[in-house]
>>> print(open('coords_28.txt').read())   # compact mmCIF, C-alpha atoms
# COMPACT_ATOMS: atom_id res chain seq x y z
CA MET A 1 -138.82 7.68 -35.18
CA GLY A 2 -138.76 7.19 -38.97
CA ALA A 3 -134.96 7.36 -39.04
CA GLU A 4 -134.69 4.19 -36.97
CA LEU A 5 -136.88 2.04 -39.21
CA SER A 6 -136.37 0.85 -42.78
CA PRO A 7 -139.26 1.57 -45.18
CA ILE A 8 -140.45 -2.04 -44.94
CA GLU A 9 -140.40 -2.00 -41.13
CA MET A 10 -142.19 1.35 -41.15
CA ALA A 11 -144.92 -0.18 -43.31
CA LYS A 12 -145.25 -3.11 -40.90
CA TYR A 13 -145.46 -0.73 -37.95
CA VAL A 14 -148.19 1.31 -39.66
CA ALA A 15 -150.24 -1.83 -40.40
CA GLY A 16 -149.91 -3.05 -36.82
CA ARG A 17 -150.81 0.32 -35.34
CA ARG A 18 -153.87 0.71 -37.57
CA ALA A 19 -155.10 -2.81 -36.83
CA ALA A 20 -154.72 -2.23 -33.09
CA ASP A 21 -157.46 0.40 -33.40
CA LEU A 22 -159.89 -2.34 -34.51
CA VAL A 23 -159.70 -3.94 -31.07
CA GLU A 24 -162.44 -2.89 -28.65
CA ASP A 25 -162.61 -3.08 -24.88
CA GLY A 26 -163.59 -6.51 -23.60
CA MET A 27 -162.69 -8.37 -26.79
CA ARG A 28 -161.13 -11.81 -26.95
CA VAL A 29 -158.37 -11.42 -29.51
CA GLY A 30 -156.11 -13.84 -31.34
CA LEU A 31 -152.57 -12.50 -31.69
CA GLY A 32 -150.55 -13.61 -34.69
CA THR A 33 -146.88 -14.41 -35.04
CA GLY A 34 -144.16 -12.66 -37.02
CA SER A 35 -142.51 -9.29 -37.43
CA THR A 36 -145.68 -7.42 -38.42
CA ALA A 37 -147.72 -9.06 -35.67
CA ALA A 38 -145.06 -7.99 -33.16
CA TRP A 39 -145.86 -4.33 -33.95
CA LEU A 40 -149.54 -5.10 -33.36
CA VAL A 41 -148.79 -6.64 -29.97
CA LYS A 42 -146.64 -3.67 -28.95
CA SER A 43 -149.35 -1.24 -30.08
CA LEU A 44 -152.01 -3.12 -28.12
CA GLY A 45 -149.75 -3.09 -25.08
CA ALA A 46 -149.50 0.69 -25.37
CA ARG A 47 -153.30 0.92 -25.46
CA VAL A 48 -153.55 -1.30 -22.38
CA ARG A 49 -151.16 0.97 -20.48
CA ASN A 50 -152.32 4.34 -21.76
CA GLU A 51 -156.06 3.84 -22.27
CA GLY A 52 -156.87 1.07 -19.82
CA LEU A 53 -157.91 -1.20 -22.68
CA SER A 54 -159.03 -4.55 -21.27
CA ILE A 55 -158.69 -7.53 -23.60
CA THR A 56 -158.08 -11.25 -23.34
CA ALA A 57 -155.53 -12.52 -25.86
CA VAL A 58 -154.80 -15.95 -27.30
CA PRO A 59 -151.29 -16.05 -28.83
CA THR A 60 -150.42 -18.25 -31.80
CA SER A 61 -146.88 -19.08 -30.68
CA SER A 62 -144.70 -19.16 -27.61
CA ARG A 63 -142.77 -16.07 -28.77
CA THR A 64 -145.97 -14.07 -29.26
CA ALA A 65 -147.15 -15.15 -25.81
CA ALA A 66 -143.87 -13.95 -24.27
CA LEU A 67 -144.10 -10.55 -26.00
CA ALA A 68 -147.77 -10.09 -25.05
CA ARG A 69 -147.05 -10.76 -21.38
CA GLU A 70 -144.06 -8.43 -21.54
CA VAL A 71 -146.22 -5.50 -22.71
CA GLY A 72 -148.99 -6.16 -20.17
CA ILE A 73 -151.61 -8.06 -22.19
CA ASP A 74 -153.66 -10.73 -20.41
CA VAL A 75 -152.83 -14.05 -22.11
CA VAL A 76 -154.98 -17.19 -21.93
CA SER A 77 -155.24 -20.45 -23.83
CA LEU A 78 -157.78 -21.00 -26.60
CA GLU A 79 -159.41 -23.60 -24.37
CA ASP A 80 -159.99 -20.92 -21.73
CA ALA A 81 -161.19 -18.31 -24.24
CA ARG A 82 -163.30 -20.90 -26.12
CA TRP A 83 -164.11 -18.51 -28.98
CA LEU A 84 -162.62 -15.23 -30.21
CA ASP A 85 -164.10 -11.99 -31.47
CA LEU A 86 -161.15 -11.14 -33.69
CA THR A 87 -157.79 -12.52 -34.79
CA ILE A 88 -155.14 -10.24 -36.25
CA ASP A 89 -152.14 -11.82 -37.94
CA GLY A 90 -149.62 -11.26 -40.68
CA ALA A 91 -149.26 -13.12 -43.96
CA ASP A 92 -146.45 -14.01 -46.32
CA GLU A 93 -148.73 -13.50 -49.34
CA PHE A 94 -152.36 -12.59 -49.97
CA ASP A 95 -154.27 -12.55 -53.26
CA PRO A 96 -157.28 -10.43 -54.35
CA ALA A 97 -159.69 -13.01 -52.86
CA PHE A 98 -157.90 -12.78 -49.47
CA ASN A 99 -156.47 -16.28 -49.81
CA LEU A 100 -153.19 -16.44 -47.89
CA ILE A 101 -149.87 -18.19 -47.60
CA LYS A 102 -148.69 -18.21 -43.98
CA GLY A 103 -146.06 -20.09 -42.06
CA GLY A 104 -142.83 -18.27 -42.80
CA GLY A 105 -142.28 -18.31 -39.05
CA GLY A 106 -143.41 -21.92 -38.70
CA ALA A 107 -146.50 -21.14 -36.61
CA HIS A 108 -149.20 -21.72 -39.23
CA LEU A 109 -150.80 -24.67 -37.41
CA GLN A 110 -151.64 -22.65 -34.31
CA GLU A 111 -152.37 -19.59 -36.45
CA LYS A 112 -154.95 -21.47 -38.51
CA ILE A 113 -156.62 -23.00 -35.45
CA VAL A 114 -156.90 -19.60 -33.75
CA ALA A 115 -158.11 -17.83 -36.90
CA ALA A 116 -160.75 -20.50 -37.53
CA ALA A 117 -161.99 -20.08 -33.96
CA SER A 118 -162.69 -16.37 -34.51
CA ASP A 119 -165.67 -14.38 -35.70
CA ARG A 120 -163.33 -12.33 -37.89
CA MET A 121 -159.75 -12.51 -39.12
CA VAL A 122 -157.81 -9.44 -40.21
CA VAL A 123 -154.42 -9.69 -41.90
CA ILE A 124 -151.79 -6.99 -41.45
CA ALA A 125 -149.17 -6.61 -44.16
CA ASP A 126 -146.84 -4.35 -46.08
CA PRO A 127 -147.59 -3.73 -49.79
CA ALA A 128 -145.10 -6.38 -50.98
CA LYS A 129 -147.33 -9.14 -49.58
CA ALA A 130 -150.10 -8.39 -52.09
CA VAL A 131 -149.86 -10.71 -55.12
CA ALA A 132 -152.03 -11.46 -58.13
CA GLN A 133 -151.55 -15.21 -57.61
CA LEU A 134 -150.15 -17.16 -54.68
CA GLY A 135 -147.01 -19.25 -54.89
CA ALA A 136 -143.88 -17.11 -55.14
CA PHE A 137 -143.39 -17.51 -51.38
CA PRO A 138 -142.56 -21.13 -50.47
CA LEU A 139 -145.58 -22.94 -49.10
CA PRO A 140 -144.93 -24.41 -45.62
CA VAL A 141 -146.28 -27.86 -44.83
CA GLU A 142 -145.96 -29.10 -41.24
CA VAL A 143 -145.26 -32.83 -40.96
CA ILE A 144 -144.57 -35.16 -38.04
CA GLY A 145 -141.01 -36.39 -37.67
CA PHE A 146 -141.88 -40.07 -38.04
CA GLY A 147 -141.65 -41.03 -41.71
CA TRP A 148 -141.20 -37.46 -42.91
CA THR A 149 -139.25 -38.59 -45.97
CA ALA A 150 -142.18 -40.79 -47.01
CA SER A 151 -144.52 -37.81 -46.51
CA ARG A 152 -142.24 -35.71 -48.71
CA LYS A 153 -142.32 -38.36 -51.45
CA LEU A 154 -146.12 -38.52 -51.32
CA ILE A 155 -146.33 -34.72 -51.53
CA ALA A 156 -144.02 -34.73 -54.55
CA GLU A 157 -146.18 -37.33 -56.27
CA ALA A 158 -149.34 -35.31 -55.53
CA LEU A 159 -147.81 -32.18 -57.06
CA GLU A 160 -147.25 -33.93 -60.39
CA GLY A 161 -150.88 -33.54 -61.40
CA LEU A 162 -151.40 -29.97 -60.17
CA ASP A 163 -151.17 -26.54 -61.78
CA VAL A 164 -147.95 -25.34 -60.18
CA LEU A 165 -144.83 -23.85 -61.73
CA GLY A 166 -142.18 -25.63 -59.62
CA ARG A 167 -142.06 -28.75 -57.48
CA ASP A 168 -138.94 -28.49 -55.31
CA ILE A 169 -139.41 -29.50 -51.67
CA THR A 170 -136.88 -28.63 -48.96
CA LEU A 171 -136.69 -29.47 -45.28
CA ARG A 172 -136.59 -26.23 -43.27
CA MET A 173 -133.43 -25.93 -41.22
CA ALA A 174 -132.44 -23.93 -38.15
CA GLY A 175 -128.71 -23.70 -38.63
CA GLU A 176 -127.30 -27.23 -38.74
CA THR A 177 -130.43 -28.96 -37.41
CA PRO A 178 -134.00 -29.26 -38.72
CA PHE A 179 -136.38 -26.50 -37.66
CA ARG A 180 -138.99 -27.63 -35.13
CA THR A 181 -142.39 -26.03 -34.58
CA ASP A 182 -143.87 -25.35 -31.14
CA GLU A 183 -145.46 -28.82 -31.44
CA GLY A 184 -142.08 -30.42 -32.20
CA ASN A 185 -142.90 -31.11 -35.84
CA LEU A 186 -140.87 -30.52 -39.00
CA VAL A 187 -141.65 -28.10 -41.83
CA LEU A 188 -141.32 -28.87 -45.54
CA ASP A 189 -141.18 -25.80 -47.78
CA LEU A 190 -142.76 -26.28 -51.22
CA HIS A 191 -141.17 -24.04 -53.86
CA LEU A 192 -144.07 -23.88 -56.30
CA GLY A 193 -143.62 -20.51 -58.01
CA ARG A 194 -147.32 -20.34 -58.87
CA ILE A 195 -150.37 -22.08 -57.38
CA GLY A 196 -153.13 -22.34 -59.96
CA ASN A 197 -155.77 -23.75 -57.61
CA PRO A 198 -155.01 -23.02 -53.93
CA ARG A 199 -158.20 -24.63 -52.63
CA GLN A 200 -157.52 -27.93 -54.42
CA LEU A 201 -153.92 -27.97 -53.20
CA ALA A 202 -154.87 -27.26 -49.59
CA LEU A 203 -157.39 -30.09 -49.52
CA LEU A 204 -155.02 -32.54 -51.20
CA LEU A 205 -152.07 -31.83 -48.92
CA ASN A 206 -154.03 -32.44 -45.74
CA GLN A 207 -155.05 -35.90 -46.97
CA ILE A 208 -151.43 -37.08 -47.11
CA PRO A 209 -150.35 -39.26 -44.16
CA GLY A 210 -147.92 -37.42 -41.90
CA VAL A 211 -149.08 -33.95 -42.91
CA VAL A 212 -150.34 -31.98 -39.91
CA GLU A 213 -151.32 -28.74 -41.66
CA ASN A 214 -150.39 -26.59 -44.64
CA GLY A 215 -149.89 -22.84 -44.90
CA LEU A 216 -152.74 -22.11 -47.31
CA PHE A 217 -155.52 -20.13 -45.59
CA ILE A 218 -158.64 -20.34 -47.77
CA ASP A 219 -161.91 -18.56 -46.88
CA ILE A 220 -160.55 -17.54 -43.48
CA CYS A 221 -159.39 -13.94 -43.92
CA ASP A 222 -162.10 -11.24 -43.86
CA ALA A 223 -160.03 -8.07 -44.31
CA VAL A 224 -156.49 -6.83 -44.88
CA VAL A 225 -154.77 -3.78 -43.43
CA ILE A 226 -151.90 -2.62 -45.64
CA GLY A 227 -149.36 -0.26 -44.12
CA HIS A 228 -147.20 2.09 -46.18
CA PRO A 229 -143.85 3.67 -45.25
CA ASP A 230 -145.30 7.20 -45.45
CA GLY A 231 -147.90 6.47 -42.74
CA ARG A 232 -150.85 5.60 -44.98
CA ALA A 233 -152.92 2.61 -43.90
CA GLU A 234 -155.42 0.97 -46.24
CA LEU A 235 -158.20 -1.31 -44.99
CA ARG A 236 -159.58 -3.68 -47.63
CA ASP A 237 -162.58 -5.95 -47.13
CA ALA A 238 -165.49 -7.35 -49.15
CA GLU A 239 -167.19 -3.95 -49.16
CA GLY A 240 -164.24 -2.11 -50.69
CA SER A 241 -161.36 -0.15 -49.22
CA GLU A 242 -160.73 2.91 -47.08
CA GLU A 243 -157.52 4.76 -46.39
CA GLY A 244 -156.34 6.62 -43.33
CA ARG A 245 -153.08 7.75 -41.79
CA VAL A 246 -151.12 6.64 -38.74
CA GLU A 247 -149.22 9.16 -36.64
CA LEU A 248 -145.54 8.32 -37.01
CA ALA A 249 -144.30 10.10 -33.89
CA GLU A 250 -142.59 7.86 -31.35
CA SER A 251 -144.74 7.10 -28.32
CA ASP A 252 -144.75 5.00 -25.16
CA ASN A 253 -141.43 3.22 -25.80
CA LEU A 254 -142.73 1.16 -28.71
CA PHE A 255 -139.29 1.50 -30.26
CA ALA A 256 -137.19 1.13 -27.14
CA ASP A 257 -135.66 -2.11 -28.42
CA LEU A 258 -134.37 -0.59 -31.66
>>> encode(input="coords_28.txt", output="structure tokens")
Amino acid sequence: MGAELSPIEMAKYVAGRRAADLVEDGMRVGLGTGSTAAWLVKSLGARVRNEGLSITAVPTSSRTAALAREVGIDVVSLEDARWLDLTIDGADEFDPAFNLIKGGGGAHLQEKIVAAASDRMVVIADPAKAVAQLGAFPLPVEVIGFGWTASRKLIAEALEGLDVLGRDITLRMAGETPFRTDEGNLVLDLHLGRIGNPRQLALLLNQIPGVVENGLFIDICDAVVIGHPDGRAELRDAEGSEEGRVELAESDNLFADL
């Protein structure tokens, strides 16, 4: 199976497979969005088919919902689930305090709501997502379409007094048209380079009229599973870290779409 995957995709697969083992029978689980989360969903689907694992899942995007149903996972709304035991999701960056930047796929609003409605959040990532300080990855800010240029101007003014390296703001595009989230909103990407005080920035952004949510996840993540291309999987939490290994042999058509 290793020949079909690049080293980075192998690392994502390993993280997703290891995190799937954290899910127990009967759990209500939040399923994240993105390429790493897709491996988690496929791995959970294999457990449902092969082990009879019974879980109720709340997806964080329409594409995650479609994949979960495709692999046989029972999908419900957050309103139906009410509260979750565990949410597992990817991240675009995470720092040593488990602060995150999320939203590269534009689903950070639903992702943050689902994660906040969970007893525990675990992030799955490849080693490149670990950073000493957040900010190299553009920070997504979801804004409503009405008056979005005014919202962008207010964000730019707010950034003037903050400890960031850059202040460029771009409207995310999908080809020739603006990208739209599942809620129909726009996304502004803030190219900051370095974020000196993520907590301050997160609070400030959400006070700006027109801003729906930002991609900074502060005090939400409890643990991180880091996958490596050679099959090693490291689990880091507040207690420390432990390392194991994921079997890399192909199984149960997880890679049928390659």
>>> closest_residue(input="coords_28.txt", among="A:Ala202, A:Leu86, A:Ala107, A:Leu235", to="Gly30 (chain A)", atoms="all atoms listed in the file")
A:Leu86
>>> residues_around(input="coords_28.txt", residues="Asp237 (chain A)", least_positions_apart="2", cutoff="6 Å", atoms="only C-alpha atoms", output="list in words")
Ala223, Glu239 and Gly240 of chain A
>>> atom_distance(input="coords_28.txt", atom1="CA of Asp222 (chain A)", atom2="CA of Arg236 (chain A)")
8.8 Å
>>> closest_residue(input="coords_28.txt", among="A:Ser118, A:Leu100, A:Val76, A:Lys12", to="Arg199 (chain A)", atoms="only C-alpha atoms")
A:Leu100
>>> atom_distance(input="coords_28.txt", atom1="CA of Ala97 (chain A)", atom2="CA of Ala156 (chain A)")
26.8 Å
>>> residues_near_point(input="coords_28.txt", point="(-153.1, -17.0, -49.0)", cutoff="7 Å", atoms="only C-alpha atoms", output="JSON, numbers by chain")
{"A": [93, 94, 95, 98, 99, 100, 101, 102, 134, 216, 217, 218]}
>>> closest_residue(input="coords_28.txt", among="A:Gly184, A:Gly45, A:Arg63, A:Ser77", to="Phe146 (chain A)", atoms="only C-alpha atoms")
A:Gly184
>>> residues_around(input="coords_28.txt", residues="Arg69 (chain A)", least_positions_apart="2", cutoff="12 Å", atoms="all atoms listed in the file", output="ChimeraX atom specification")
/A:31,41-42,44-45,48,56-59,62-67,71-76
>>> atom_distance(input="coords_28.txt", atom1="CA of Ala81 (chain A)", atom2="CA of Ile226 (chain A)")
28.1 Å
>>> closest_residue(input="coords_28.txt", among="A:Ala158, A:Asp189, A:Arg180, A:Arg49", to="Leu203 (chain A)", atoms="only C-alpha atoms")
A:Ala158
>>> closest_residue(input="coords_28.txt", among="A:Thr36, A:Gln207, A:Gln133, A:Thr87", to="Glu9 (chain A)", atoms="all atoms listed in the file")
A:Thr36
>>> build_atoms(input="coords_28.txt", residues="region 210-235 of chain A", atoms="N, CA, C and O atoms", output="compact mmCIF listing (two decimals), keeping the file's coordinate frame")
# COMPACT_ATOMS: atom_id res chain seq x y z
N GLY A 210 -149.06 -38.13 -42.46
CA GLY A 210 -147.92 -37.42 -41.90
C GLY A 210 -148.03 -35.92 -41.94
O GLY A 210 -147.34 -35.23 -41.20
N VAL A 211 -148.88 -35.40 -42.83
CA VAL A 211 -149.08 -33.95 -42.91
C VAL A 211 -150.01 -33.52 -41.77
O VAL A 211 -151.10 -34.06 -41.59
N VAL A 212 -149.55 -32.52 -41.01
CA VAL A 212 -150.34 -31.98 -39.91
C VAL A 212 -151.20 -30.82 -40.40
O VAL A 212 -152.40 -30.75 -40.12
N GLU A 213 -150.58 -29.90 -41.12
CA GLU A 213 -151.32 -28.74 -41.66
C GLU A 213 -150.45 -28.05 -42.69
O GLU A 213 -149.22 -28.15 -42.67
N ASN A 214 -151.11 -27.35 -43.62
CA ASN A 214 -150.39 -26.59 -44.64
C ASN A 214 -150.63 -25.09 -44.45
O ASN A 214 -151.53 -24.69 -43.72
N GLY A 215 -149.84 -24.29 -45.10
CA GLY A 215 -149.89 -22.84 -44.90
C GLY A 215 -150.85 -22.09 -45.80
O GLY A 215 -150.80 -20.85 -45.85
N LEU A 216 -151.73 -22.79 -46.51
CA LEU A 216 -152.74 -22.11 -47.31
C LEU A 216 -153.96 -21.82 -46.43
O LEU A 216 -154.54 -22.73 -45.85
N PHE A 217 -154.33 -20.55 -46.35
CA PHE A 217 -155.52 -20.13 -45.59
C PHE A 217 -156.58 -19.72 -46.61
O PHE A 217 -156.46 -18.66 -47.25
N ILE A 218 -157.59 -20.55 -46.76
CA ILE A 218 -158.64 -20.34 -47.77
C ILE A 218 -159.95 -20.03 -47.06
O ILE A 218 -160.36 -20.76 -46.15
N ASP A 219 -160.62 -18.96 -47.46
CA ASP A 219 -161.91 -18.56 -46.88
C ASP A 219 -161.83 -18.33 -45.37
O ASP A 219 -162.78 -18.62 -44.64
N ILE A 220 -160.72 -17.81 -44.90
CA ILE A 220 -160.55 -17.54 -43.48
C ILE A 220 -160.39 -16.04 -43.23
O ILE A 220 -160.96 -15.50 -42.28
N CYS A 221 -159.65 -15.37 -44.09
CA CYS A 221 -159.39 -13.94 -43.92
C CYS A 221 -160.58 -13.10 -44.38
O CYS A 221 -161.13 -13.32 -45.45
N ASP A 222 -160.97 -12.12 -43.54
CA ASP A 222 -162.10 -11.24 -43.86
C ASP A 222 -161.67 -9.85 -44.34
O ASP A 222 -162.43 -9.18 -45.04
N ALA A 223 -160.49 -9.42 -43.94
CA ALA A 223 -160.03 -8.07 -44.31
C ALA A 223 -158.52 -8.02 -44.21
O ALA A 223 -157.90 -8.84 -43.53
N VAL A 224 -157.94 -7.03 -44.90
CA VAL A 224 -156.49 -6.83 -44.88
C VAL A 224 -156.21 -5.37 -44.58
O VAL A 224 -156.83 -4.48 -45.17
N VAL A 225 -155.28 -5.13 -43.68
CA VAL A 225 -154.77 -3.78 -43.43
C VAL A 225 -153.38 -3.70 -44.02
O VAL A 225 -152.48 -4.46 -43.63
N ILE A 226 -153.19 -2.80 -44.98
CA ILE A 226 -151.90 -2.62 -45.64
C ILE A 226 -151.27 -1.33 -45.16
O ILE A 226 -151.84 -0.24 -45.32
N GLY A 227 -150.09 -1.44 -44.57
CA GLY A 227 -149.36 -0.26 -44.12
C GLY A 227 -148.37 0.20 -45.17
O GLY A 227 -147.81 -0.61 -45.92
N HIS A 228 -148.14 1.51 -45.23
CA HIS A 228 -147.20 2.09 -46.18
C HIS A 228 -146.14 2.89 -45.41
O HIS A 228 -146.41 3.42 -44.33
N PRO A 229 -144.94 2.99 -45.97
CA PRO A 229 -143.85 3.67 -45.25
C PRO A 229 -144.13 5.13 -44.93
O PRO A 229 -143.53 5.67 -44.01
N ASP A 230 -145.02 5.78 -45.69
CA ASP A 230 -145.30 7.20 -45.45
C ASP A 230 -146.41 7.42 -44.42
O ASP A 230 -146.84 8.56 -44.20
N GLY A 231 -146.88 6.34 -43.78
CA GLY A 231 -147.90 6.47 -42.74
C GLY A 231 -149.31 6.17 -43.20
O GLY A 231 -150.23 6.12 -42.37
N ARG A 232 -149.51 5.96 -44.50
CA ARG A 232 -150.85 5.60 -44.98
C ARG A 232 -151.19 4.16 -44.59
O ARG A 232 -150.34 3.29 -44.62
N ALA A 233 -152.44 3.94 -44.25
CA ALA A 233 -152.92 2.61 -43.90
C ALA A 233 -154.23 2.37 -44.63
O ALA A 233 -155.20 3.11 -44.48
N GLU A 234 -154.25 1.31 -45.43
CA GLU A 234 -155.42 0.97 -46.24
C GLU A 234 -156.09 -0.27 -45.67
O GLU A 234 -155.44 -1.28 -45.43
N LEU A 235 -157.41 -0.18 -45.45
CA LEU A 235 -158.20 -1.31 -44.99
C LEU A 235 -159.04 -1.81 -46.15
O LEU A 235 -159.87 -1.09 -46.69
